[in-house]
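Down below is the structure, laid out as structure tokens.
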Amino acid sequence: MVSETSAAGEPGGLRRSLGLTDAVVIGLGAMLGAGIFAALAPAARAAGPGLLLGLAVAAVVAYCNATSSARLAARYPASGGTYVYGRERLGEFWGYLAGWCFVVGKTASCAAMALTVGAYAWPEYAHAVAAGAVVALTAVNYRGVQKSALVTRVIVAIVLAVLAAVVVAAGFGDGPAPEPGSGPEISAGGVLQAAGLLFFAFAGYARIATLGEEVRDPARTIPRAIPLALGITVVVYALVAAAALRTLGPDGLATATAPLSDVVEAAGAGWLVPMVRVGAVVAALGSLLALILGVSRTTLAMARDRHLPHALAAVHPRFAVPHRAELAVGAVVAITAATVDITAAIGFSSFGVLVYYAIANVCAWTLAPSEGRPRRLIPVVGGTGCLLLAFGLPAQSVVTGTLVLALGALVYAAHRRPGSTGTPGPDPGS
């Protein structure tokens with residue numbers, strides 16, 4: 001029987017019920033989704049034949065972020081991720097800003113994933129399907145994190161099988177090789193923009209860190225689970241991207257509306273197209289499941305400190321999940337998915353996520369050797385890379401993201417104003 005001890009043995013704490021395999025699977029469920037089915041085409045439009053170079057840049061930045069996040073999560077194994085790290089290492093404002101970036105940015109990510117489900121499953125009613133998917137997965141999360149991990153395990157197995165079929169079809173299919181095109185040339189700006197789009201898909205490893213309060217032996221499990229999940233994802237993405245370039249060429253991939261479906265069709269394996277469509281829906285559902293899980297845990301942490309309404313800090317007495325936070329997040333995401341455009345959601349989310357990880361790398365820099373500090377080069381490359389990719393995104397995403405950051409700072413200032421009723425209470429760990 002799995003041990004399900006309460007975190008720190010404290011009333012209202014979450015159960016430590018996740019082992020290494022569960023943590024890796026949750027990370028894979030978050031990463032093996034949007035990027036591989038939706039981001040390849042826009043990344044190819046930005047980078048052209050430099051797509052694999054953009055993938056490599058995104059992977060390096062993600063690895064640095066993963067290493068920094070793993071060391072921090074082992075040091076602070078509580079729900080909240082960089083919200084907790086920023087508060088403990090840099091001060092209350094930076095923790096709050098990281099939490100703000102995560103909750104707002106990942107809420108947009110949730111909407112983008114839900115819309116991906118709708119676009120592949122029933123394009124004519126994409127918004128309605130998206131909202132319904134959010135409601136269904138919120139109900140799954142409400143029943144407990146172990147059930148979420150089990151569902152994610154099934155989803156990951158299906159997605160990996162579909163992606164393997166795509167790679168094999170591209171490698172052994174009888175489709176004609178693409179003619180050389182006169183498409184976009186490789187440029188530094190294009191490679192950086194492609195890396196920013198592809199990083200959006202890699203960012204799922206944060207789900208492991210934000211579940212720190214529900215992982216058994218977090219000091220050992222989290223530092224192992226994050227690089228394992230990231231490494232598997234990098235290999236899968238590289239194989240699929242190389243197969244797509246080989247089959248469609250940079251020009252064909254850049255103009256594809258459903259890249260992986262086009263790959264198997266061009267390779268002479270059109271019978272796989274329905275399977276790929278189903279795989280896309282399942283992958284997006286897996287990402288959405290893990291995203292809702294992570295956003296609700298950061299919402300819980302911020303509510304505990306009264307940066308968000310304190311009522312959201314409640315933990316269900318039977319299911320041991322932050323049920324009010326999950327319901328609130330689910331409601332906001334469902335409304336957003338029913339009304340917004342997917343492209344705007346992805347761009348806005350990418351900016352917020354990259355700022356979030358930039359703060360995480362600064363936190364990792366402040367760790368002492370006795371606290372498990374990574375080599376100094378890792379947070380330097382990670383933090384610098386995050387900022388370069390964030391400001392390499394389309395101008396609209398940068399402007400919108402900057403304005404939302406400023407709004408968050410104003411909200412914080414209003415809560416800190418003398419006499420304000422929203423002044424945070426004491427650190428619950430003190």
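Residue numbering restarts at 1 in every chain; chains get A, B, ... in the order shown in the structure tokens, and ligands count up from 1 in that same order.
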Please, which residues of range 252-429 of chain A, numbered as in this document, come out alpha helix (DSSP H) from DSSP, as a PyMOL selection string? chain A and resi 252-254+259-266+273-304+323-337+342-365+377-391+395-416
Could you list, as a ChimeraX atom specification, every residue within 10 Å of Pro274 in chain A, counting only C-alpha atoms and ignoring same-chain residues fewer than 5 positions away? /A:261,279-280
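Across A:Val134, A:Leu403, A:Ala121, A:Leu52, the tightest approach to Leu289 in chain A is made by A:Val134 when counting only C-alpha atoms.
Comparing A:Leu407, A:Ala78, A:Ala414, A:Leu230 by their smallest distance to Asp217 in chain A, the closest is A:Ala78 (using only C-alpha atoms).
Near Thr152 in chain A, within 10 Å and counting only C-alpha atoms, sit Asp22, Val25, Ile26, Gly27, Leu28, Gly29, Ala30, Gln146, Lys147, Ser148, Ala149, Ile155, Val156, Ala157, Ile158, Val282, Ala283, Leu285, Gly286, Ser287, Leu289 and Ala290 of chain A, not including residues fewer than 3 positions from it in the same chain.
Among the candidates A:Leu393, A:Leu308, A:Leu367, A:Met113, the one nearest to Leu192 in chain A when counting only C-alpha atoms is A:Leu393.
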I want to know what sits within 9 Å of Ala313 in chain A, based on only C-alpha atoms, with residues of the same chain fewer than 2 positions away left out; could you give that as a PyMOL selection string? chain A and resi 299-306+308-311+315+322-325
note - CA of Ala73 in chain A and CA of Cys363 in chain A are separated by 11.1 Å
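Taking CA of Val117 in chain A as the reference point, CA of Val162 in chain A is found at 15.9 Å.
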For Ala194 in chain A, the closest of A:Ala314, A:Ala56, A:Ala360, A:Val333 counting only C-alpha atoms is A:Ala56
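For the set A:Ala368, A:Val191, A:Val264, A:Ala38, the residue with the smallest atom-to-atom gap to Gly392 in chain A is A:Val191, counting only C-alpha atoms.
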>> Neighbouring residues of Val398 in chain A were defined as those with any atom within 12 Å, considering only C-alpha atoms; residues of the same chain fewer than 2 positions away were excluded. Please report them as a count of residues only.
In response: 28
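The space between CA of Val151 in chain A and CA of Ile342 in chain A spans 25.0 Å.
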Give me the residues within 12 Å of Glu124 in chain A as a compact mmCIF listing (two decimals) with C-alpha atoms, in the first residue's frame, counting only C-alpha atoms and dropping any in the same chain fewer than 6 places off.
# COMPACT_ATOMS: atom_id res chain seq x y z
CA LEU A 115 -8.66 25.20 -27.55
CA GLY A 118 -11.50 21.70 -29.52
CA ALA A 130 -12.64 23.53 -24.97
Q: For Tyr120 in chain A, list every protein, DNA or RNA residue within 7 Å, evaluated using only C-alpha atoms, and leave out those in the same chain fewer than 4 positions away; present the list as a ChimeraX atom specification.
A: /A:116,277,280-281
Thr21 in chain A proximity check over A:Cys110, A:Leu228, A:Ala74, A:Leu248, using only C-alpha atoms: winner is A:Leu228
